[in-house]
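Enquirer: My structure is stored as entry.tsv, with TSV, C-alpha atoms.
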```tsv
chain	number	residue	atom	x	y	z
A	1	MET	CA	5.50	-7.33	27.72
A	2	ASN	CA	8.37	-9.70	28.39
A	3	ASN	CA	11.32	-10.42	26.15
A	4	THR	CA	10.17	-13.88	25.11
A	5	ALA	CA	9.77	-15.06	21.54
A	6	LEU	CA	7.88	-18.11	20.38
A	7	ALA	CA	8.79	-19.83	17.11
A	8	THR	CA	7.16	-22.66	15.18
A	9	THR	CA	9.40	-24.85	13.01
A	10	PRO	CA	7.43	-27.68	11.37
A	11	ARG	CA	9.16	-30.23	9.14
A	12	SER	CA	6.66	-32.08	7.00
A	13	ASP	CA	8.17	-31.72	3.52
A	14	PRO	CA	11.27	-30.27	1.80
A	15	THR	CA	9.97	-26.69	1.91
A	16	THR	CA	9.18	-26.70	5.66
A	17	ARG	CA	12.41	-28.61	6.36
A	18	TYR	CA	14.35	-25.83	4.64
A	19	ILE	CA	12.63	-22.82	6.19
A	20	SER	CA	12.63	-24.40	9.65
A	21	SER	CA	16.31	-25.39	9.49
A	22	TRP	CA	17.28	-21.84	8.58
A	23	ALA	CA	14.95	-20.38	11.20
A	24	GLU	CA	16.48	-22.58	13.92
A	25	LYS	CA	19.98	-21.61	12.79
A	26	THR	CA	19.03	-17.94	13.05
A	27	ILE	CA	17.53	-18.44	16.52
A	28	GLU	CA	20.62	-20.35	17.67
A	29	GLU	CA	22.83	-17.45	16.59
A	30	LEU	CA	20.63	-15.02	18.54
A	31	LYS	CA	20.99	-16.84	21.85
A	32	SER	CA	23.14	-14.15	23.41
A	33	LYS	CA	20.66	-11.39	22.53
A	34	GLN	CA	18.01	-10.05	24.90
A	35	LEU	CA	15.20	-12.09	23.40
A	36	GLN	CA	14.66	-15.59	24.82
A	37	PHE	CA	13.30	-18.02	22.21
A	38	ILE	CA	10.99	-20.95	22.82
A	39	VAL	CA	10.88	-23.21	19.76
A	40	LEU	CA	7.93	-25.46	18.93
A	41	ALA	CA	9.61	-27.84	16.50
A	42	LYS	CA	8.21	-30.61	14.28
A	43	GLU	CA	5.17	-32.30	15.87
A	44	ARG	CA	5.07	-29.62	18.61
A	45	ALA	CA	4.21	-27.02	15.96
A	46	VAL	CA	0.47	-27.64	16.35
A	47	THR	CA	-2.46	-25.40	17.36
A	48	SER	CA	-3.10	-26.84	20.82
A	49	ILE	CA	0.52	-26.40	21.95
A	50	LEU	CA	0.91	-23.00	20.28
A	51	GLU	CA	-2.23	-21.58	21.90
A	52	SER	CA	-1.25	-22.98	25.29
A	53	MET	CA	2.28	-21.50	25.02
A	54	LEU	CA	0.94	-18.13	23.90
A	55	LYS	CA	-1.28	-18.00	27.01
A	56	LYS	CA	1.47	-19.22	29.33
A	57	HIS	CA	4.34	-17.00	28.16
A	58	SER	CA	2.67	-13.93	26.58
A	59	PRO	CA	5.59	-13.54	24.15
A	60	SER	CA	6.45	-10.20	22.62
A	61	LEU	CA	7.33	-11.88	19.31
A	62	LEU	CA	5.84	-14.79	17.37
A	63	PHE	CA	7.91	-16.26	14.54
A	64	LEU	CA	5.81	-18.55	12.35
A	65	ASN	CA	7.41	-20.82	9.76
A	66	GLY	CA	5.24	-22.99	7.54
A	67	HIS	CA	2.93	-23.17	4.60
A	68	GLY	CA	0.33	-20.47	4.38
A	69	GLY	CA	-2.57	-19.04	2.49
A	70	HIS	CA	-4.32	-15.69	2.27
A	71	ASP	CA	-5.98	-16.10	5.66
A	72	LEU	CA	-3.88	-18.67	7.48
A	73	VAL	CA	-0.52	-20.06	8.52
A	74	CYS	CA	0.09	-23.78	9.03
A	75	GLY	CA	2.26	-25.86	11.32
A	76	HIS	CA	3.33	-29.49	11.31
A	77	ASN	CA	1.64	-31.66	8.66
A	78	ASN	CA	-0.12	-28.53	7.42
A	79	GLU	CA	-2.33	-28.23	10.49
A	80	VAL	CA	-3.81	-24.72	10.50
A	81	LEU	CA	-2.19	-22.82	13.39
A	82	ILE	CA	-3.66	-19.34	13.03
A	83	GLN	CA	-6.59	-18.40	10.82
A	84	ALA	CA	-8.36	-15.10	10.24
A	85	GLY	CA	-11.74	-14.98	11.91
A	86	LYS	CA	-10.98	-18.10	13.94
A	87	ASN	CA	-8.12	-17.51	16.36
A	88	ASP	CA	-6.40	-14.37	14.99
A	89	ALA	CA	-6.98	-12.71	18.38
A	90	ALA	CA	-4.24	-15.03	19.72
A	91	LEU	CA	-1.76	-12.58	18.16
A	92	LYS	CA	-3.06	-9.71	20.28
A	93	GLY	CA	-0.38	-7.43	21.73
A	94	MET	CA	2.57	-8.99	19.94
A	95	VAL	CA	4.74	-8.58	16.87
A	96	THR	CA	4.38	-11.51	14.45
A	97	TYR	CA	6.65	-12.47	11.58
A	98	ALA	CA	5.29	-15.18	9.29
A	99	LEU	CA	7.77	-16.77	6.88
A	100	SER	CA	4.88	-18.21	4.98
A	101	CYS	CA	3.06	-17.63	1.68
A	102	SER	CA	0.47	-14.91	1.18
A	103	SER	CA	-0.74	-14.56	4.80
A	104	ALA	CA	-0.30	-10.77	4.76
A	105	GLN	CA	-3.24	-10.57	2.35
A	106	VAL	CA	-6.01	-11.41	4.83
A	107	LEU	CA	-4.59	-12.84	8.07
A	108	GLY	CA	-2.24	-9.89	8.67
A	109	PRO	CA	-4.94	-7.19	8.43
A	110	ALA	CA	-7.37	-9.39	10.43
A	111	ALA	CA	-4.78	-9.89	13.19
A	112	ILE	CA	-4.16	-6.14	13.40
A	113	LYS	CA	-7.89	-5.54	13.63
A	114	ALA	CA	-8.03	-8.13	16.43
A	115	GLY	CA	-5.33	-6.32	18.42
A	116	ALA	CA	-1.96	-7.56	17.10
A	117	THR	CA	0.71	-4.86	17.41
A	118	ALA	CA	2.40	-5.55	14.08
A	119	TYR	CA	2.28	-8.27	11.44
A	120	ILE	CA	5.23	-8.80	9.12
A	121	GLY	CA	4.63	-11.26	6.32
A	122	TYR	CA	4.36	-11.87	2.59
A	123	ASN	CA	1.39	-10.80	0.50
A	124	LYS	CA	2.29	-13.30	-2.24
A	125	ASP	CA	3.96	-16.73	-2.39
A	126	PHE	CA	7.41	-16.93	-0.83
A	127	ILE	CA	9.53	-18.57	-3.53
A	128	PHE	CA	13.03	-20.03	-3.21
A	129	PHE	CA	15.36	-22.47	-4.93
A	130	ILE	CA	16.61	-25.78	-3.60
A	131	SER	CA	19.60	-27.91	-4.57
A	132	PRO	CA	18.06	-31.45	-4.62
A	133	GLU	CA	21.31	-33.05	-3.47
A	134	LYS	CA	21.18	-30.88	-0.30
A	135	VAL	CA	17.61	-31.69	0.75
A	136	SER	CA	18.80	-33.73	3.74
A	137	ARG	CA	21.29	-30.94	4.69
A	138	PRO	CA	19.43	-27.66	4.02
A	139	LEU	CA	21.99	-25.52	5.87
A	140	GLU	CA	24.66	-26.51	3.33
A	141	ASP	CA	22.54	-25.30	0.42
A	142	LYS	CA	24.13	-22.06	-0.80
A	143	THR	CA	21.33	-21.48	-3.32
A	144	ALA	CA	18.59	-21.61	-0.68
A	145	GLN	CA	20.77	-19.44	1.56
A	146	MET	CA	20.46	-16.55	-0.93
A	147	PHE	CA	16.71	-16.48	-0.15
A	148	LEU	CA	16.43	-17.68	3.45
A	149	GLU	CA	19.16	-15.57	5.01
A	150	PRO	CA	17.58	-12.24	4.00
A	151	ALA	CA	14.14	-13.58	4.97
A	152	ASN	CA	15.39	-14.48	8.45
A	153	HIS	CA	17.01	-11.09	8.83
A	154	VAL	CA	13.64	-9.76	10.01
A	155	ILE	CA	14.11	-11.79	13.20
A	156	VAL	CA	17.77	-10.80	13.58
A	157	SER	CA	16.80	-7.15	13.37
A	158	LEU	CA	13.85	-7.46	15.78
A	159	ALA	CA	16.05	-9.33	18.28
A	160	LYS	CA	18.51	-6.44	18.18
A	161	GLY	CA	15.73	-4.12	19.33
A	162	HIS	CA	14.80	-2.56	16.01
A	163	THR	CA	11.18	-1.70	15.27
A	164	ALA	CA	8.92	-3.81	13.07
A	165	GLY	CA	9.23	-1.26	10.28
A	166	GLU	CA	13.01	-1.11	10.58
A	167	ALA	CA	13.27	-4.92	10.62
A	168	THR	CA	11.18	-5.17	7.46
A	169	ASP	CA	13.31	-2.55	5.71
A	170	ALA	CA	16.52	-4.23	6.90
A	171	SER	CA	15.39	-7.53	5.40
A	172	LYS	CA	14.50	-5.82	2.11
A	173	LYS	CA	17.92	-4.16	2.11
A	174	TYR	CA	19.55	-7.58	2.66
A	175	PHE	CA	17.61	-8.97	-0.33
A	176	LEU	CA	18.66	-5.97	-2.41
A	177	LYS	CA	22.34	-6.40	-1.51
A	178	GLY	CA	22.14	-10.01	-2.70
A	179	ILE	CA	20.45	-8.93	-5.92
A	180	GLN	CA	23.11	-6.28	-6.57
A	181	ARG	CA	25.82	-8.87	-5.91
A	182	LEU	CA	24.25	-11.16	-8.51
A	183	ILE	CA	24.12	-8.35	-11.07
A	184	SER	CA	27.85	-7.83	-10.69
A	185	SER	CA	30.30	-9.57	-12.97
A	186	GLU	CA	31.44	-11.85	-10.13
A	187	SER	CA	28.31	-13.99	-10.21
A	188	SER	CA	27.70	-16.93	-12.53
A	189	VAL	CA	25.17	-16.80	-15.38
A	190	ASP	CA	23.13	-19.48	-13.57
A	191	ASP	CA	23.00	-17.48	-10.34
A	192	ARG	CA	21.73	-14.40	-12.16
A	193	GLU	CA	18.56	-16.32	-13.02
A	194	TYR	CA	17.56	-16.10	-9.33
A	195	ILE	CA	17.37	-12.30	-9.41
A	196	ARG	CA	13.71	-12.09	-10.48
A	197	TYR	CA	12.69	-14.46	-7.63
A	198	LEU	CA	14.65	-12.50	-5.01
A	199	ILE	CA	12.96	-9.32	-6.23
A	200	TRP	CA	9.59	-11.08	-5.96
A	201	ASP	CA	10.21	-12.10	-2.33
A	202	MET	CA	11.62	-8.69	-1.42
A	203	ARG	CA	8.61	-6.87	-2.86
A	204	SER	CA	6.14	-9.29	-1.27
A	205	LEU	CA	7.41	-8.60	2.25
A	206	VAL	CA	5.22	-6.08	4.10
A	207	CYS	CA	4.84	-4.67	7.59
A	208	GLN	CA	1.30	-4.09	8.79
A	209	GLY	CA	0.10	-2.35	11.93
A	210	ASP	CA	2.44	-0.30	14.11
A	211	ARG	CA	5.78	0.08	12.31
A	212	ASP	CA	7.26	1.50	15.53
A	213	ALA	CA	6.44	-1.61	17.57
A	214	VAL	CA	9.37	-3.46	19.16
A	215	ALA	CA	9.79	-7.03	20.39
A	216	VAL	CA	12.55	-6.21	22.88
A	217	ASN	CA	11.95	-4.00	25.92
A	218	ASP	CA	14.76	-2.45	27.99
B	1	MET	CA	-0.07	-13.96	-32.09
B	2	ASP	CA	-2.00	-12.49	-29.15
B	3	THR	CA	-0.38	-10.83	-26.17
B	4	GLU	CA	-1.18	-13.68	-23.77
B	5	LYS	CA	0.58	-16.20	-26.00
B	6	GLU	CA	3.56	-13.86	-26.36
B	7	ILE	CA	3.84	-13.54	-22.58
B	8	ILE	CA	3.72	-17.32	-22.11
B	9	ASP	CA	6.42	-17.76	-24.75
B	10	LEU	CA	8.55	-15.13	-23.00
B	11	VAL	CA	8.18	-16.84	-19.61
B	12	VAL	CA	8.96	-20.27	-21.08
B	13	ALA	CA	12.08	-18.82	-22.71
B	14	ARG	CA	13.16	-17.32	-19.37
B	15	LEU	CA	12.54	-20.56	-17.49
B	16	GLN	CA	14.66	-22.47	-20.00
B	17	ASN	CA	17.62	-20.45	-18.74
B	18	LEU	CA	17.16	-21.73	-15.17
B	19	PRO	CA	19.83	-24.16	-13.97
B	20	SER	CA	18.65	-27.76	-14.56
B	21	ASN	CA	20.09	-29.00	-11.29
B	22	LYS	CA	17.84	-26.89	-9.02
B	23	ASP	CA	14.24	-27.24	-7.86
B	24	ILE	CA	11.97	-24.34	-7.04
B	25	SER	CA	9.77	-24.22	-3.93
B	26	ILE	CA	6.49	-22.35	-4.41
B	27	GLY	CA	4.99	-22.59	-0.95
B	28	SER	CA	2.07	-24.96	-0.59
B	29	SER	CA	2.02	-25.55	-4.36
B	30	GLY	CA	5.11	-27.73	-3.79
B	31	GLU	CA	8.55	-28.17	-5.30
B	32	PHE	CA	9.12	-28.28	-9.06
B	33	THR	CA	11.87	-29.00	-11.55
B	34	LYS	CA	12.54	-26.63	-14.42
B	35	ASP	CA	10.76	-28.92	-16.92
B	36	GLN	CA	7.71	-29.24	-14.68
B	37	LEU	CA	7.53	-25.46	-14.35
B	38	ILE	CA	7.65	-25.02	-18.13
B	39	ASP	CA	4.80	-27.53	-18.50
B	40	HIS	CA	2.72	-25.61	-15.96
B	41	VAL	CA	3.30	-22.33	-17.80
B	42	LYS	CA	2.34	-23.90	-21.14
B	43	LYS	CA	-0.83	-25.31	-19.53
B	44	ASP	CA	-1.52	-21.86	-18.07
B	45	ASP	CA	-2.62	-23.41	-14.75
B	46	ASP	CA	-2.27	-21.92	-11.24
B	47	VAL	CA	1.46	-22.67	-10.92
B	48	GLY	CA	2.06	-21.42	-14.47
B	49	LYS	CA	0.19	-18.20	-13.72
B	50	LYS	CA	2.43	-17.66	-10.67
B	51	MET	CA	5.52	-17.89	-12.89
B	52	VAL	CA	3.99	-15.38	-15.29
B	53	ALA	CA	3.28	-13.07	-12.33
B	54	VAL	CA	6.96	-13.31	-11.25
B	55	GLU	CA	8.11	-12.33	-14.73
B	56	MET	CA	5.67	-9.41	-14.97
B	57	ASP	CA	6.74	-8.21	-11.51
B	58	PHE	CA	10.38	-8.43	-12.61
B	59	LEU	CA	9.73	-6.33	-15.71
B	60	ARG	CA	7.87	-3.75	-13.59
B	61	SER	CA	10.70	-3.63	-11.06
B	62	MET	CA	13.25	-3.02	-13.83
B	63	LYS	CA	11.14	-0.13	-15.07
B	64	GLU	CA	11.10	1.26	-11.52
B	65	GLY	CA	14.90	0.99	-11.30
B	66	ILE	CA	14.72	-1.26	-8.25
B	67	PHE	CA	18.26	-2.56	-8.68
B	68	TYR	CA	19.85	0.70	-7.74
B	69	GLU	CA	17.36	2.67	-5.67
B	70	GLN	CA	16.96	1.29	-2.19
B	71	HIS	CA	13.85	3.33	-1.44
B	72	SER	CA	11.93	1.67	-4.22
B	73	ALA	CA	12.50	-1.67	-2.47
B	74	SER	CA	10.13	-0.65	0.28
B	75	ASN	CA	6.42	-1.18	-0.27
B	76	ASN	CA	5.24	-1.48	3.31
B	77	THR	CA	1.65	-0.87	4.10
B	78	LYS	CA	-0.12	0.24	7.22
B	79	VAL	CA	-3.38	-1.32	8.26
```
Could you take the file, read its structure, and then write that structure out as structure tokens?
Expert:
Amino acid sequence: MNNTALATTPRSDPTTRYISSWAEKTIEELKSKQLQFIVLAKERAVTSILESMLKKHSPSLLFLNGHGGHDLVCGHNNEVLIQAGKNDAALKGMVTYALSCSSAQVLGPAAIKAGATAYIGYNKDFIFFISPEKVSRPLEDKTAQMFLEPANHVIVSLAKGHTAGEATDASKKYFLKGIQRLISSESSVDDREYIRYLIWDMRSLVCQGDRDAVAVND
Amino acid sequence: MDTEKEIIDLVVARLQNLPSNKDISIGSSGEFTKDQLIDHVKKDDDVGKKMVAVEMDFLRSMKEGIFYEQHSASNNTKV
């Protein structure tokens, strides 16, 4: 296993623009870490390129960003990238984190059965809030940040050498810290309305397969 | 008034407290304004049912004391 990570960052609508912008920011900040990222952005986040890059680089970590369903994760323009029963074996031998809706329901277990080391994902919809005036500048959106920073903490933790289980717990802890901050008297009444959605995302995040798996080897 | 109607009324009341200047992204269902969300809940369609599920999950998490106990935040599964 080498210390290479592959990430898909499609941008076909406001939701994918947001999650991909925050994913790329996270990856940029991890540049000095041991893990070397290859990013398939926008129209490169398609099945043919992903499968070819998986074969060529045999990454230890796959970071999928995009719309999803129970048994699939999509790329650019909602092209299905990975689907249970179709090409889930492409995840064999690696740790995958899917910042995508619901894919831990069917795709995650199917990928583990097909030989994936660990699958971290959401077993329900991933929900977050957007400030409409920031849609063209997602990284300036402090409301979206409350959701996307803890979600991306899975990758930060994996890149630091933590196990899949530890990375999942670290992300949940990050969500919880944000929730506790919002409960405190310092937060605005408006901001407190986000608490139930942060709890939803935190509780939907699961780690399947080998919780002791790592994406970084010494 | 049946329980289902009471739950929908509760969720609509909660959604009315959301800031009006924010949209919500619900994955592949799309992005919605507060008023659109309230309409979906009143129609009891797929998006509306998701909002009801969020509220029910929130009430369950309060019962479990999730705000203060970090261990209860973890619901990882092994496959």
Enquirer: Between atom CA of A:Leu35 and atom CA of A:Lys55, what is the distance, to one decimal in Å?
Expert: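 Atom CA of A:Lys55 lies 17.9 Å from atom CA of A:Leu35.
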Enquirer: Can you check which residues of chain A have any atom within 9 Å of chain B? Use all atoms listed in the file and format it as an mmCIF file with C-alpha atoms, in the frame of the given file.
Expert:
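Result saved to result15.cif:
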```
data_model
loop_
_atom_site.group_PDB
_atom_site.id
_atom_site.type_symbol
_atom_site.label_atom_id
_atom_site.label_comp_id
_atom_site.auth_asym_id
_atom_site.auth_seq_id
_atom_site.Cartn_x
_atom_site.Cartn_y
_atom_site.Cartn_z
ATOM 1 C CA ASP A 13 8.170 -31.720 3.520
ATOM 2 C CA PRO A 14 11.270 -30.270 1.800
ATOM 3 C CA THR A 15 9.970 -26.690 1.910
ATOM 4 C CA THR A 16 9.180 -26.700 5.660
ATOM 5 C CA GLY A 66 5.240 -22.990 7.540
ATOM 6 C CA HIS A 67 2.930 -23.170 4.600
ATOM 7 C CA GLY A 68 0.330 -20.470 4.380
ATOM 8 C CA GLY A 69 -2.570 -19.040 2.490
ATOM 9 C CA SER A 100 4.880 -18.210 4.980
ATOM 10 C CA CYS A 101 3.060 -17.630 1.680
ATOM 11 C CA GLY A 108 -2.240 -9.890 8.670
ATOM 12 C CA PRO A 109 -4.940 -7.190 8.430
ATOM 13 C CA ILE A 112 -4.160 -6.140 13.400
ATOM 14 C CA LYS A 113 -7.890 -5.540 13.630
ATOM 15 C CA ASP A 125 3.960 -16.730 -2.390
ATOM 16 C CA PHE A 126 7.410 -16.930 -0.830
ATOM 17 C CA ILE A 127 9.530 -18.570 -3.530
ATOM 18 C CA PHE A 128 13.030 -20.030 -3.210
ATOM 19 C CA PHE A 129 15.360 -22.470 -4.930
ATOM 20 C CA ILE A 130 16.610 -25.780 -3.600
ATOM 21 C CA SER A 131 19.600 -27.910 -4.570
ATOM 22 C CA PRO A 132 18.060 -31.450 -4.620
ATOM 23 C CA GLU A 133 21.310 -33.050 -3.470
ATOM 24 C CA THR A 143 21.330 -21.480 -3.320
ATOM 25 C CA GLY A 165 9.230 -1.260 10.280
ATOM 26 C CA THR A 168 11.180 -5.170 7.460
ATOM 27 C CA ASP A 169 13.310 -2.550 5.710
ATOM 28 C CA LYS A 172 14.500 -5.820 2.110
ATOM 29 C CA LYS A 173 17.920 -4.160 2.110
ATOM 30 C CA LEU A 176 18.660 -5.970 -2.410
ATOM 31 C CA ILE A 179 20.450 -8.930 -5.920
ATOM 32 C CA GLN A 180 23.110 -6.280 -6.570
ATOM 33 C CA ILE A 183 24.120 -8.350 -11.070
ATOM 34 C CA ASP A 190 23.130 -19.480 -13.570
ATOM 35 C CA ASP A 191 23.000 -17.480 -10.340
ATOM 36 C CA GLU A 193 18.560 -16.320 -13.020
ATOM 37 C CA TYR A 194 17.560 -16.100 -9.330
ATOM 38 C CA ILE A 195 17.370 -12.300 -9.410
ATOM 39 C CA ARG A 196 13.710 -12.090 -10.480
ATOM 40 C CA TYR A 197 12.690 -14.460 -7.630
ATOM 41 C CA ILE A 199 12.960 -9.320 -6.230
ATOM 42 C CA TRP A 200 9.590 -11.080 -5.960
ATOM 43 C CA MET A 202 11.620 -8.690 -1.420
ATOM 44 C CA ARG A 203 8.610 -6.870 -2.860
ATOM 45 C CA SER A 204 6.140 -9.290 -1.270
ATOM 46 C CA LEU A 205 7.410 -8.600 2.250
ATOM 47 C CA VAL A 206 5.220 -6.080 4.100
ATOM 48 C CA CYS A 207 4.840 -4.670 7.590
ATOM 49 C CA GLN A 208 1.300 -4.090 8.790
ATOM 50 C CA GLY A 209 0.100 -2.350 11.930
ATOM 51 C CA ASP A 210 2.440 -0.300 14.110
ATOM 52 C CA ARG A 211 5.780 0.080 12.310
#
```
Enquirer: What does the distance between atom CA of A:Leu139 and atom CA of A:Gly161 come to in Å, to one decimal place?
Expert: 26.0 Å
Enquirer: What gap, in Å, lies between atom CA of B:Ala13 and atom CA of A:Pro150?
Expert: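 That distance, rounded to one decimal, is 28.1 Å.
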Enquirer: Which of these, A:Asn123, A:Thr47, A:Gln145, A:Ser157, has the shortest distance to A:Gly178 once you count only C-alpha atoms?
Expert: A:Gln145
Enquirer: Pick out the residues sitting within 12 Å of A:Ala213, and hand them over as a list in words; count all atoms listed in the file, and ignore anything fewer than 2 positions along from it in its own chain.
Expert: Met1, Ser60, Leu61, Gly93, Met94, Val95, Thr96, Ala116, Thr117, Ala118, Tyr119, Ile120, Leu158, Gly161, His162, Thr163, Ala164, Gly165, Glu166, Ala167, Thr168, Cys207, Gln208, Gly209, Asp210, Arg211, Ala215, Val216 and Asn217 of chain A
Enquirer: Any chance you could tabulate, as a Markdown table, the residues of stretch 91-155 of chain A at most 7 Å from stretch 20-32 of chain A with each one's nearest atom pair and distance in Å to one decimal, using only C-alpha atoms, in chain and rising number order?
Expert:
```
| residue | atom | partner | partner_atom | distance |
| --- | --- | --- | --- | --- |
| A:Pro138 | CA | A:Ser21 | CA | 6.7 |
| A:Leu139 | CA | A:Trp22 | CA | 6.6 |
| A:Leu148 | CA | A:Trp22 | CA | 6.7 |
| A:Asn152 | CA | A:Ala23 | CA | 6.5 |
```
Enquirer: Show which residues sit within 8 Å of stretch 37-41 of chain B, as an NGL selection string. Count all atoms listed in the file, and ignore same-chain residues fewer than 4 positions away.
Expert: :B and (8 or 11-12 or 15-16 or 32-33 or 45-49 or 51-52)
Enquirer: Could stretch 21-45 of chain B be completed with N, CA and C atoms and returned as a PDB file, in the coordinates of the input?
Expert:
```
ATOM      1  N   ASN B  21      19.825 -28.210 -12.494  1.00  0.00           N
ATOM      2  CA  ASN B  21      20.090 -29.000 -11.290  1.00  0.00           C
ATOM      3  C   ASN B  21      19.483 -28.377 -10.025  1.00  0.00           C
ATOM      4  N   LYS B  22      18.499 -27.510 -10.183  1.00  0.00           N
ATOM      5  CA  LYS B  22      17.840 -26.890  -9.020  1.00  0.00           C
ATOM      6  C   LYS B  22      16.336 -27.100  -9.101  1.00  0.00           C
ATOM      7  N   ASP B  23      15.703 -27.212  -7.930  1.00  0.00           N
ATOM      8  CA  ASP B  23      14.240 -27.240  -7.860  1.00  0.00           C
ATOM      9  C   ASP B  23      13.771 -25.911  -7.293  1.00  0.00           C
ATOM     10  N   ILE B  24      12.524 -25.576  -7.574  1.00  0.00           N
ATOM     11  CA  ILE B  24      11.970 -24.340  -7.040  1.00  0.00           C
ATOM     12  C   ILE B  24      10.833 -24.684  -6.073  1.00  0.00           C
ATOM     13  N   SER B  25      10.836 -24.030  -4.920  1.00  0.00           N
ATOM     14  CA  SER B  25       9.770 -24.220  -3.930  1.00  0.00           C
ATOM     15  C   SER B  25       8.793 -23.055  -4.057  1.00  0.00           C
ATOM     16  N   ILE B  26       7.538 -23.397  -4.313  1.00  0.00           N
ATOM     17  CA  ILE B  26       6.490 -22.350  -4.410  1.00  0.00           C
ATOM     18  C   ILE B  26       5.463 -22.636  -3.317  1.00  0.00           C
ATOM     19  N   GLY B  27       5.879 -22.445  -2.089  1.00  0.00           N
ATOM     20  CA  GLY B  27       4.990 -22.590  -0.950  1.00  0.00           C
ATOM     21  C   GLY B  27       4.199 -23.881  -0.951  1.00  0.00           C
ATOM     22  N   SER B  28       2.897 -23.759  -0.695  1.00  0.00           N
ATOM     23  CA  SER B  28       2.070 -24.960  -0.590  1.00  0.00           C
ATOM     24  C   SER B  28       1.791 -25.606  -1.945  1.00  0.00           C
ATOM     25  N   SER B  29       2.173 -24.924  -3.031  1.00  0.00           N
ATOM     26  CA  SER B  29       2.020 -25.550  -4.360  1.00  0.00           C
ATOM     27  C   SER B  29       3.022 -26.696  -4.513  1.00  0.00           C
ATOM     28  N   GLY B  30       4.134 -26.646  -3.761  1.00  0.00           N
ATOM     29  CA  GLY B  30       5.110 -27.730  -3.790  1.00  0.00           C
ATOM     30  C   GLY B  30       6.443 -27.347  -4.401  1.00  0.00           C
ATOM     31  N   GLU B  31       7.241 -28.380  -4.707  1.00  0.00           N
ATOM     32  CA  GLU B  31       8.550 -28.170  -5.300  1.00  0.00           C
ATOM     33  C   GLU B  31       8.510 -28.674  -6.742  1.00  0.00           C
ATOM     34  N   PHE B  32       9.195 -27.964  -7.632  1.00  0.00           N
ATOM     35  CA  PHE B  32       9.120 -28.280  -9.060  1.00  0.00           C
ATOM     36  C   PHE B  32      10.498 -28.235  -9.716  1.00  0.00           C
ATOM     37  N   THR B  33      10.667 -29.095 -10.729  1.00  0.00           N
ATOM     38  CA  THR B  33      11.870 -29.000 -11.550  1.00  0.00           C
ATOM     39  C   THR B  33      11.616 -27.961 -12.636  1.00  0.00           C
ATOM     40  N   LYS B  34      12.670 -27.610 -13.337  1.00  0.00           N
ATOM     41  CA  LYS B  34      12.540 -26.630 -14.420  1.00  0.00           C
ATOM     42  C   LYS B  34      11.543 -27.122 -15.478  1.00  0.00           C
ATOM     43  N   ASP B  35      11.655 -28.398 -15.871  1.00  0.00           N
ATOM     44  CA  ASP B  35      10.760 -28.920 -16.920  1.00  0.00           C
ATOM     45  C   ASP B  35       9.306 -28.926 -16.462  1.00  0.00           C
ATOM     46  N   GLN B  36       9.088 -29.257 -15.192  1.00  0.00           N
ATOM     47  CA  GLN B  36       7.710 -29.240 -14.680  1.00  0.00           C
ATOM     48  C   GLN B  36       7.134 -27.824 -14.716  1.00  0.00           C
ATOM     49  N   LEU B  37       7.982 -26.856 -14.330  1.00  0.00           N
ATOM     50  CA  LEU B  37       7.530 -25.460 -14.350  1.00  0.00           C
ATOM     51  C   LEU B  37       7.119 -25.030 -15.755  1.00  0.00           C
ATOM     52  N   ILE B  38       7.948 -25.388 -16.736  1.00  0.00           N
ATOM     53  CA  ILE B  38       7.650 -25.020 -18.130  1.00  0.00           C
ATOM     54  C   ILE B  38       6.322 -25.635 -18.563  1.00  0.00           C
ATOM     55  N   ASP B  39       6.086 -26.893 -18.168  1.00  0.00           N
ATOM     56  CA  ASP B  39       4.800 -27.530 -18.500  1.00  0.00           C
ATOM     57  C   ASP B  39       3.623 -26.765 -17.892  1.00  0.00           C
ATOM     58  N   HIS B  40       3.796 -26.350 -16.626  1.00  0.00           N
ATOM     59  CA  HIS B  40       2.720 -25.610 -15.960  1.00  0.00           C
ATOM     60  C   HIS B  40       2.430 -24.276 -16.669  1.00  0.00           C
ATOM     61  N   VAL B  41       3.498 -23.618 -17.101  1.00  0.00           N
ATOM     62  CA  VAL B  41       3.300 -22.330 -17.800  1.00  0.00           C
ATOM     63  C   VAL B  41       2.579 -22.570 -19.129  1.00  0.00           C
ATOM     64  N   LYS B  42       2.990 -23.609 -19.843  1.00  0.00           N
ATOM     65  CA  LYS B  42       2.340 -23.900 -21.140  1.00  0.00           C
ATOM     66  C   LYS B  42       0.871 -24.262 -20.945  1.00  0.00           C
ATOM     67  N   LYS B  43       0.579 -24.948 -19.820  1.00  0.00           N
ATOM     68  CA  LYS B  43      -0.830 -25.310 -19.530  1.00  0.00           C
ATOM     69  C   LYS B  43      -1.623 -24.101 -19.019  1.00  0.00           C
ATOM     70  N   ASP B  44      -0.894 -23.082 -18.608  1.00  0.00           N
ATOM     71  CA  ASP B  44      -1.520 -21.860 -18.070  1.00  0.00           C
ATOM     72  C   ASP B  44      -2.380 -22.165 -16.837  1.00  0.00           C
ATOM     73  N   ASP B  45      -1.892 -23.084 -15.982  1.00  0.00           N
ATOM     74  CA  ASP B  45      -2.620 -23.410 -14.750  1.00  0.00           C
ATOM     75  C   ASP B  45      -2.162 -22.498 -13.609  1.00  0.00           C
TER      76      ASP B  45
END
```
